[in-house]
Structures are given as structure tokens and as C-alpha cells.
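Have a look at protein-v7.cif below; it lists mmCIF, C-alpha atoms.
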```
data_target
loop_
_atom_site.group_PDB
_atom_site.id
_atom_site.type_symbol
_atom_site.label_atom_id
_atom_site.label_comp_id
_atom_site.auth_asym_id
_atom_site.auth_seq_id
_atom_site.Cartn_x
_atom_site.Cartn_y
_atom_site.Cartn_z
ATOM 1 C CA GLU A 1 8.313 -7.716 -11.240
ATOM 2 C CA THR A 2 4.940 -8.123 -9.564
ATOM 3 C CA GLY A 3 2.842 -8.547 -12.694
ATOM 4 C CA VAL A 4 1.307 -5.087 -12.288
ATOM 5 C CA THR A 5 2.740 -2.460 -14.634
ATOM 6 C CA GLN A 6 2.161 1.258 -14.293
ATOM 7 C CA THR A 7 2.897 4.022 -16.792
ATOM 8 C CA PRO A 8 4.186 6.614 -16.752
ATOM 9 C CA ARG A 9 6.525 6.206 -13.780
ATOM 10 C CA HIS A 10 6.900 9.971 -13.465
ATOM 11 C CA LEU A 11 4.535 12.735 -14.555
ATOM 12 C CA VAL A 12 4.714 16.488 -14.147
ATOM 13 C CA MET A 13 1.577 18.386 -15.068
ATOM 14 C CA GLY A 14 0.163 21.857 -14.772
ATOM 15 C CA MET A 15 -3.065 22.559 -12.939
ATOM 16 C CA THR A 16 -4.972 23.055 -16.192
ATOM 17 C CA ASN A 17 -3.698 19.928 -17.914
ATOM 18 C CA LYS A 18 -5.492 16.671 -18.570
ATOM 19 C CA LYS A 19 -3.441 13.496 -18.249
ATOM 20 C CA SER A 20 -3.996 9.814 -17.530
ATOM 21 C CA LEU A 21 -2.239 7.137 -15.521
ATOM 22 C CA LYS A 22 -2.344 3.609 -16.860
ATOM 23 C CA CYS A 23 -2.179 0.279 -15.083
ATOM 24 C CA GLU A 24 -2.052 -3.209 -16.582
ATOM 25 C CA GLN A 25 -2.020 -6.503 -14.707
ATOM 26 C CA HIS A 26 -0.865 -9.807 -16.177
ATOM 27 C CA LEU A 27 -2.022 -11.987 -13.293
ATOM 28 C CA GLY A 28 -5.546 -12.877 -14.366
ATOM 29 C CA HIS A 29 -6.983 -11.042 -11.367
ATOM 30 C CA ASN A 30 -10.550 -9.832 -11.106
ATOM 31 C CA ALA A 31 -10.103 -6.793 -8.835
ATOM 32 C CA MET A 32 -8.026 -3.665 -9.421
ATOM 33 C CA TYR A 33 -7.297 -0.734 -7.119
ATOM 34 C CA TRP A 34 -5.970 2.804 -7.090
ATOM 35 C CA TYR A 35 -4.170 3.986 -3.949
ATOM 36 C CA LYS A 36 -2.620 7.363 -3.178
ATOM 37 C CA GLN A 37 0.573 7.604 -1.115
ATOM 38 C CA SER A 38 1.666 11.060 0.046
ATOM 39 C CA ALA A 39 4.397 12.071 2.428
ATOM 40 C CA LYS A 40 2.337 12.909 5.471
ATOM 41 C CA LYS A 41 -0.508 10.428 5.211
ATOM 42 C CA PRO A 42 -0.949 6.658 5.137
ATOM 43 C CA LEU A 43 -1.686 4.858 1.903
ATOM 44 C CA GLU A 44 -5.243 5.835 0.983
ATOM 45 C CA LEU A 45 -7.611 3.682 -1.041
ATOM 46 C CA MET A 46 -9.187 5.699 -3.845
ATOM 47 C CA PHE A 47 -11.113 3.288 -6.056
ATOM 48 C CA VAL A 48 -11.764 -0.436 -6.407
ATOM 49 C CA TYR A 49 -13.065 -2.247 -9.458
ATOM 50 C CA SER A 50 -14.248 -5.849 -9.420
ATOM 51 C CA LEU A 51 -14.983 -7.483 -12.746
ATOM 52 C CA GLU A 52 -14.921 -4.006 -14.321
ATOM 53 C CA GLU A 53 -17.547 -2.601 -11.956
ATOM 54 C CA ARG A 54 -16.659 0.050 -9.402
ATOM 55 C CA VAL A 55 -17.263 -1.344 -5.912
ATOM 56 C CA GLU A 56 -15.518 1.277 -3.773
ATOM 57 C CA ASN A 57 -15.270 5.020 -4.223
ATOM 58 C CA ASN A 58 -13.589 6.520 -1.218
ATOM 59 C CA SER A 59 -14.848 10.136 -1.309
ATOM 60 C CA VAL A 60 -12.347 11.067 -3.973
ATOM 61 C CA PRO A 61 -12.675 14.495 -5.671
ATOM 62 C CA SER A 62 -14.205 14.421 -9.129
ATOM 63 C CA ARG A 63 -10.979 15.740 -10.657
ATOM 64 C CA PHE A 64 -9.873 12.103 -10.410
ATOM 65 C CA SER A 65 -11.839 9.882 -12.779
ATOM 66 C CA PRO A 66 -11.187 6.126 -12.960
ATOM 67 C CA GLU A 67 -11.887 3.896 -15.926
ATOM 68 C CA CYS A 68 -11.759 0.102 -16.112
ATOM 69 C CA PRO A 69 -12.367 -1.047 -19.706
ATOM 70 C CA ASN A 70 -11.591 -4.691 -18.890
ATOM 71 C CA SER A 71 -10.294 -6.720 -15.973
ATOM 72 C CA SER A 72 -6.654 -6.268 -17.025
ATOM 73 C CA HIS A 73 -6.559 -2.506 -17.456
ATOM 74 C CA LEU A 74 -7.255 0.417 -15.162
ATOM 75 C CA PHE A 75 -6.859 4.115 -15.857
ATOM 76 C CA LEU A 76 -6.912 7.191 -13.668
ATOM 77 C CA HIS A 77 -7.847 10.294 -15.632
ATOM 78 C CA LEU A 78 -6.561 13.537 -14.121
ATOM 79 C CA HIS A 79 -8.099 16.961 -14.740
ATOM 80 C CA THR A 80 -7.478 20.371 -13.129
ATOM 81 C CA LEU A 81 -5.463 18.956 -10.275
ATOM 82 C CA GLN A 82 -4.101 20.921 -7.332
ATOM 83 C CA PRO A 83 -0.504 20.981 -6.059
ATOM 84 C CA GLU A 84 -1.632 19.002 -2.976
ATOM 85 C CA ASP A 85 -2.529 16.130 -5.340
ATOM 86 C CA SER A 86 1.186 15.561 -5.906
ATOM 87 C CA ALA A 87 1.868 12.050 -4.636
ATOM 88 C CA LEU A 88 2.742 8.492 -5.579
ATOM 89 C CA TYR A 89 -0.251 6.782 -7.167
ATOM 90 C CA LEU A 90 -0.183 3.028 -6.783
ATOM 91 C CA CYS A 91 -2.203 0.532 -8.759
ATOM 92 C CA ALA A 92 -2.849 -2.939 -7.365
ATOM 93 C CA SER A 93 -4.764 -6.077 -8.214
ATOM 94 C CA SER A 94 -6.083 -9.171 -6.452
ATOM 95 C CA ARG A 95 -7.761 -12.358 -7.562
ATOM 96 C CA HIS A 96 -10.878 -11.614 -5.523
ATOM 97 C CA SER A 97 -11.815 -9.475 -2.543
ATOM 98 C CA GLY A 98 -9.858 -10.343 0.569
ATOM 99 C CA ASN A 99 -7.089 -12.055 -1.374
ATOM 100 C CA THR A 100 -3.485 -10.855 -1.406
ATOM 101 C CA ILE A 101 -3.114 -7.637 -3.341
ATOM 102 C CA TYR A 102 -0.140 -7.034 -5.615
ATOM 103 C CA PHE A 103 1.055 -3.497 -6.134
ATOM 104 C CA GLY A 104 2.689 -1.909 -9.137
ATOM 105 C CA GLU A 105 5.752 0.298 -8.758
ATOM 106 C CA GLY A 106 3.667 3.453 -8.790
ATOM 107 C CA SER A 107 3.441 6.657 -10.799
ATOM 108 C CA TRP A 108 5.046 9.726 -9.241
ATOM 109 C CA LEU A 109 2.819 12.719 -9.962
ATOM 110 C CA THR A 110 3.906 16.319 -9.503
ATOM 111 C CA VAL A 111 1.352 19.079 -10.041
ATOM 112 C CA VAL A 112 2.874 22.502 -10.672
ATOM 113 C CA THR B 1 -6.930 9.640 14.883
ATOM 114 C CA GLN B 2 -5.478 6.885 12.753
ATOM 115 C CA LEU B 3 -6.947 3.402 12.866
ATOM 116 C CA LEU B 4 -3.420 1.956 13.002
ATOM 117 C CA GLU B 5 -0.571 3.655 14.852
ATOM 118 C CA GLN B 6 2.912 2.530 13.897
ATOM 119 C CA SER B 7 6.031 3.227 15.912
ATOM 120 C CA PRO B 8 8.665 4.332 15.669
ATOM 121 C CA GLN B 9 8.100 6.472 12.600
ATOM 122 C CA PHE B 10 11.803 6.410 11.700
ATOM 123 C CA LEU B 11 14.557 4.019 12.720
ATOM 124 C CA SER B 12 18.208 4.082 11.692
ATOM 125 C CA ILE B 13 20.458 1.282 12.905
ATOM 126 C CA GLN B 14 23.767 -0.422 12.123
ATOM 127 C CA GLU B 15 24.039 -3.717 10.325
ATOM 128 C CA GLY B 16 23.826 -6.630 12.738
ATOM 129 C CA GLU B 17 21.593 -4.934 15.278
ATOM 130 C CA ASN B 18 18.167 -6.217 16.318
ATOM 131 C CA LEU B 19 15.018 -4.116 16.195
ATOM 132 C CA THR B 20 11.293 -4.220 16.844
ATOM 133 C CA VAL B 21 8.581 -2.109 15.276
ATOM 134 C CA TYR B 22 4.987 -1.897 16.425
ATOM 135 C CA CYS B 23 1.497 -1.565 15.033
ATOM 136 C CA ASN B 24 -1.202 -0.648 17.552
ATOM 137 C CA SER B 25 -4.915 0.008 17.513
ATOM 138 C CA SER B 26 -7.861 0.234 19.879
ATOM 139 C CA SER B 27 -9.911 -1.902 17.498
ATOM 140 C CA VAL B 28 -10.021 -5.668 17.197
ATOM 141 C CA PHE B 29 -9.223 -7.229 13.842
ATOM 142 C CA SER B 30 -9.787 -10.645 12.339
ATOM 143 C CA SER B 31 -6.386 -10.449 10.660
ATOM 144 C CA LEU B 32 -3.481 -8.085 10.108
ATOM 145 C CA GLN B 33 -0.950 -7.829 7.322
ATOM 146 C CA TRP B 34 2.637 -6.577 7.181
ATOM 147 C CA TYR B 35 4.141 -5.125 3.995
ATOM 148 C CA ARG B 36 7.592 -3.875 3.073
ATOM 149 C CA GLN B 37 8.018 -1.092 0.538
ATOM 150 C CA GLU B 38 11.505 -0.621 -0.855
ATOM 151 C CA PRO B 39 12.526 2.710 -2.381
ATOM 152 C CA GLY B 40 11.011 3.215 -5.812
ATOM 153 C CA GLU B 41 8.701 0.224 -5.550
ATOM 154 C CA GLY B 42 5.216 -0.661 -4.389
ATOM 155 C CA PRO B 43 4.499 -2.458 -1.100
ATOM 156 C CA VAL B 44 4.996 -6.224 -1.025
ATOM 157 C CA LEU B 45 3.098 -8.478 1.369
ATOM 158 C CA LEU B 46 5.334 -10.163 3.944
ATOM 159 C CA VAL B 47 2.841 -11.990 6.153
ATOM 160 C CA THR B 48 -0.747 -12.201 7.330
ATOM 161 C CA VAL B 49 -1.452 -13.007 10.995
ATOM 162 C CA VAL B 50 -4.866 -14.310 11.925
ATOM 163 C CA THR B 51 -4.949 -15.878 15.391
ATOM 164 C CA GLY B 52 -4.492 -13.970 18.657
ATOM 165 C CA GLY B 53 -1.017 -14.682 20.033
ATOM 166 C CA GLU B 54 0.159 -16.097 16.718
ATOM 167 C CA VAL B 55 3.858 -15.923 15.907
ATOM 168 C CA LYS B 56 5.128 -16.280 12.353
ATOM 169 C CA LYS B 57 8.725 -16.356 11.215
ATOM 170 C CA LEU B 58 10.114 -15.391 7.855
ATOM 171 C CA LYS B 59 13.882 -15.963 7.943
ATOM 172 C CA ARG B 60 15.174 -13.223 10.306
ATOM 173 C CA LEU B 61 11.759 -11.569 10.649
ATOM 174 C CA THR B 62 9.399 -12.559 13.458
ATOM 175 C CA PHE B 63 5.811 -11.332 13.435
ATOM 176 C CA GLN B 64 3.482 -11.511 16.416
ATOM 177 C CA PHE B 65 -0.236 -10.807 16.662
ATOM 178 C CA GLY B 66 -1.408 -9.620 20.066
ATOM 179 C CA ASP B 67 -3.561 -11.905 22.177
ATOM 180 C CA ALA B 68 -6.482 -9.483 21.871
ATOM 181 C CA ARG B 69 -5.898 -9.047 18.122
ATOM 182 C CA LYS B 70 -5.494 -5.282 18.514
ATOM 183 C CA ASP B 71 -1.777 -4.980 17.920
ATOM 184 C CA SER B 72 1.192 -6.583 16.259
ATOM 185 C CA SER B 73 4.957 -6.421 16.286
ATOM 186 C CA LEU B 74 7.721 -7.149 13.826
ATOM 187 C CA HIS B 75 11.141 -8.118 15.140
ATOM 188 C CA ILE B 76 14.179 -8.271 12.882
ATOM 189 C CA THR B 77 17.274 -10.125 14.038
ATOM 190 C CA ALA B 78 20.724 -9.136 12.794
ATOM 191 C CA ALA B 79 19.439 -6.504 10.399
ATOM 192 C CA GLN B 80 21.074 -6.164 6.992
ATOM 193 C CA PRO B 81 21.166 -3.253 4.529
ATOM 194 C CA GLY B 82 18.720 -5.180 2.344
ATOM 195 C CA ASP B 83 16.124 -4.839 5.107
ATOM 196 C CA THR B 84 15.994 -1.094 4.473
ATOM 197 C CA GLY B 85 12.511 0.055 3.561
ATOM 198 C CA LEU B 86 9.131 1.238 4.775
ATOM 199 C CA TYR B 87 7.335 -1.349 6.904
ATOM 200 C CA LEU B 88 3.568 -1.022 6.787
ATOM 201 C CA CYS B 89 0.838 -2.780 8.695
ATOM 202 C CA ALA B 90 -2.665 -3.025 7.232
ATOM 203 C CA VAL B 91 -6.110 -4.364 8.071
ATOM 204 C CA HIS B 92 -9.363 -4.828 6.257
ATOM 205 C CA SER B 93 -11.813 -2.257 7.606
ATOM 206 C CA GLY B 94 -15.221 -0.734 7.082
ATOM 207 C CA GLY B 95 -16.841 -4.123 6.625
ATOM 208 C CA SER B 96 -15.327 -4.435 3.173
ATOM 209 C CA ASN B 97 -12.934 -7.139 2.035
ATOM 210 C CA TYR B 98 -11.710 -4.697 -0.598
ATOM 211 C CA LYS B 99 -10.806 -1.857 1.732
ATOM 212 C CA LEU B 100 -7.309 -2.297 3.123
ATOM 213 C CA THR B 101 -6.397 0.430 5.639
ATOM 214 C CA PHE B 102 -2.703 1.094 6.205
ATOM 215 C CA GLY B 103 -0.686 2.621 9.000
ATOM 216 C CA LYS B 104 1.791 5.402 8.196
ATOM 217 C CA GLY B 105 4.648 2.936 8.409
ATOM 218 C CA THR B 106 8.093 2.714 9.978
ATOM 219 C CA LEU B 107 10.925 3.847 7.744
ATOM 220 C CA LEU B 108 13.894 1.617 8.532
ATOM 221 C CA THR B 109 17.441 2.367 7.413
ATOM 222 C CA VAL B 110 20.125 -0.234 8.020
ATOM 223 C CA ASN B 111 23.601 1.204 7.607
ATOM 224 C CA PRO B 112 26.498 -1.026 6.532
#
```
Please re-express this file's structure in C-alpha cells.
Amino acid sequence: ETGVTQTPRHLVMGMTNKKSLKCEQHLGHNAMYWYKQSAKKPLELMFVYSLEERVENNSVPSRFSPECPNSSHLFLHLHTLQPEDSALYLCASSRHSGNTIYFGEGSWLTVV
Amino acid sequence: TQLLEQSPQFLSIQEGENLTVYCNSSSVFSSLQWYRQEPGEGPVLLVTVVTGGEVKKLKRLTFQFGDARKDSSLHITAAQPGDTGLYLCAVHSGGSNYKLTFGKGTLLTVNP
């Protein structure tokens, strides 16, 4: 238990579906992150929010849309994904930039 | 080319054996982190090395940062099945304290 909770743990969606991944941290941290982990690539940073403002957007396609309503919650809205978007999506948080980041257990996404 | 090259990519050994995995780069870093990711979980920070030539020990794990701060190694003594997992090195890059760049990792399997 790292204090970062992700739901759902597994998601299968069609290419025309709209779904969302949810992340909640109970650590009182100010920064939250979305990472993508796929089989043939290193962990890739997608988005970073600090105090609910987006501070990093790593050239991610617009079919991925993040939302940070408060410092404890982070969403990743998914729309018209491609099969190559199938991966493990990891949420993480840290107290501030440069501090230790704590990962959730991830959400396994399969796009069919 | 990847910023961080990890080797070997896969390693399968018997319980009780020793092993070393490597993280190399042509770039110089102010610090480097090692994570372990167990199956079905997110990565967990093991150690951060900061000074060139630094050696840190965590029970049976020994981490070394190269003198030039371009590379690092992780040595495990008398490996146990519980050491099984994906070992990742990571550095802050792109001038951002938020952006953590990972290597592809070494997938270690320790057989009983």
C-alpha cells in the first residue's frame, strides 16, 4: 500500500468508447503524474500536475485528456483510442518537484 | 537512442547466486535513482545516488554511482526469490525536476 490508489485495475475498451482512469492519493502530496508503461518501451511520462495546474505535457495525443480537480485526485479521460495504446497506466504523486515519487499499482488497459 | 541503457535486459538465476545489473549513459547526471517493480505493482524507489563514486548498501543490495556520474550498477548478493522483479534506473532530465526518465529495466527472475 503506497497511498496511491488507482481504479479500475483492468479495463478493456473498444476504439469508439469513452472511459476514464481514476487516481487518488492519501499522502498530502502536491504533485501528481501519469506514466505509460508498455512492453517494448521504457516508462514514459505523460502528464504532471502541481497544485492542480498542468506543468508537463509530454507530446501526448489529444485522445488522452487529463483532469486534476484537486490535489488528491487525478483522472485520465480516454476517447477513441488505438490498439497500440494498450499498456499499463501508472499514476504517481510526490510532495513537490524533485521529491520521491510514489506509484500506484497501475491500470491495465486493453484497446480492442 | 535511449538516454539510459540497462543491461542485461533479462536475467534468470538460481537462489543464492550473485548478480550485477548496469545502467549506462553518455550524459552526466546530478543524481540517479533505482526502482524495483514487482509483478502487478508499481515501481518502488530503492535508492538515490548523488556523488560520483558513491556506494550505498541496502541489505544484500549494493548500489554504485560511477565516478563520472554517467553510469551506475546494482549488485545483489545471495539472491532470493523475493528479489524477483523489474529493476529500473531513472534520472531527472530535460531541466525539469518533474520529468523522471527511466531505462527499459532489467527483468530479474530468481528461481528457488
Residues of chain A that approach chain B to 9 Å or less, counting only C-alpha atoms: could you list each one with the shortest pair of atoms and its distance in Å to one decimal, rows by chain and increasing residue number, as a Markdown table?
```
| residue | atom | partner | partner_atom | distance |
| --- | --- | --- | --- | --- |
| A:Thr2 | CA | B:Val44 | CA | 8.7 |
| A:Ala31 | CA | B:Tyr98 | CA | 8.7 |
| A:Tyr33 | CA | B:Tyr98 | CA | 8.8 |
| A:Lys40 | CA | B:Lys104 | CA | 8.0 |
| A:Lys41 | CA | B:Lys104 | CA | 6.3 |
| A:Pro42 | CA | B:Lys104 | CA | 4.3 |
| A:Leu43 | CA | B:Phe102 | CA | 5.8 |
| A:Glu44 | CA | B:Thr101 | CA | 7.2 |
| A:Leu45 | CA | B:Lys99 | CA | 7.0 |
| A:Val48 | CA | B:Tyr98 | CA | 7.2 |
| A:Val55 | CA | B:Tyr98 | CA | 8.4 |
| A:Glu56 | CA | B:Tyr98 | CA | 7.8 |
| A:Leu90 | CA | B:Gly42 | CA | 7.0 |
| A:Cys91 | CA | B:Gly42 | CA | 8.7 |
| A:Ala92 | CA | B:Gly42 | CA | 8.9 |
| A:His96 | CA | B:Tyr98 | CA | 8.5 |
| A:Ser97 | CA | B:Tyr98 | CA | 5.2 |
| A:Gly98 | CA | B:Asn97 | CA | 4.7 |
| A:Asn99 | CA | B:Asn97 | CA | 8.4 |
| A:Thr100 | CA | B:Leu45 | CA | 7.5 |
| A:Ile101 | CA | B:Leu45 | CA | 7.8 |
| A:Tyr102 | CA | B:Val44 | CA | 6.9 |
| A:Phe103 | CA | B:Gly42 | CA | 5.3 |
| A:Gly104 | CA | B:Gly42 | CA | 5.5 |
| A:Glu105 | CA | B:Glu41 | CA | 4.4 |
| A:Gly106 | CA | B:Gly42 | CA | 6.2 |
```
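In terms of minimum interatomic distance to B:Val49, B:Phe63 ranks closest within B:Tyr87, B:Phe63, B:Tyr22, B:Tyr35, counting only C-alpha atoms.
Between atom CA of B:Val55 and atom CA of A:Tyr35 the separation is 29.2 Å.
Omitting A:Arg9 and its sequence neighbours fewer than 2 positions away, and counting all atoms listed in the file, the residues within 6 Å are Thr7, Ser107 and Trp108 of chain A.
For the pair atom CA of B:Arg60 and atom CA of B:Asn24, the interatomic distance is 21.9 Å.
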Who sits within 9 Å of A:Leu81, all atoms listed in the file, same chain under 3 positions skipped, as a ChimeraX atom specification: /A:13-18,63-64,78,84-86,111
Would you output that residue set with C-alpha atoms, as a PDB file, in the frame of the given file?
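Output (result.pdb):
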```
ATOM      1  CA  MET A  13       1.577  18.386 -15.068  1.00  0.00           C
ATOM      2  CA  GLY A  14       0.163  21.857 -14.772  1.00  0.00           C
ATOM      3  CA  MET A  15      -3.065  22.559 -12.939  1.00  0.00           C
ATOM      4  CA  THR A  16      -4.972  23.055 -16.192  1.00  0.00           C
ATOM      5  CA  ASN A  17      -3.698  19.928 -17.914  1.00  0.00           C
ATOM      6  CA  LYS A  18      -5.492  16.671 -18.570  1.00  0.00           C
ATOM      7  CA  ARG A  63     -10.979  15.740 -10.657  1.00  0.00           C
ATOM      8  CA  PHE A  64      -9.873  12.103 -10.410  1.00  0.00           C
ATOM      9  CA  LEU A  78      -6.561  13.537 -14.121  1.00  0.00           C
ATOM     10  CA  GLU A  84      -1.632  19.002  -2.976  1.00  0.00           C
ATOM     11  CA  ASP A  85      -2.529  16.130  -5.340  1.00  0.00           C
ATOM     12  CA  SER A  86       1.186  15.561  -5.906  1.00  0.00           C
ATOM     13  CA  VAL A 111       1.352  19.079 -10.041  1.00  0.00           C
TER      14      VAL A 111
END
```
Distance of atom CA of B:Lys57 from atom CA of B:Asp83, expressed in Å to one decimal place: 15.0 Å
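Counting only C-alpha atoms, the residue from A:Asn70, A:Gln25, A:Thr80, A:Asn57 that sits nearest to A:Ser93 is A:Gln25.
Nearest residue to B:Ser7 among B:Gly94, B:Phe65, B:Val28, B:Leu86 is B:Leu86, counting all atoms listed in the file.
With all atoms listed in the file as the atoms that count, the minimum distance from B:Ser26 to the choices B:Gln9, B:Ser72, B:Gln64, B:Thr106 is reached by B:Ser72.
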Convert the output of the PyMOL selection byres ((chain A and resi 20-22) around 8) on the shown file into explicit residues, formatted as a list in words. Gln6, Thr7, Pro8, Lys18, Lys19, Cys23, Glu24, His73, Leu74, Phe75, Leu76, His77, Leu78 and Ser107 of chain A
Starting from the PyMOL selection byres ((chain B and resi 52) around 10), expand the selection into actual residues of this file and give them as a ChimeraX atom specification. /B:29-31,49-51,53-55,64-72
Would you mind listing what lies within 7 Å of B:Pro112 as a PyMOL selection string, with all atoms listed in the file counted and same-chain residues fewer than 3 positions away left out? chain B and resi 14-15+81
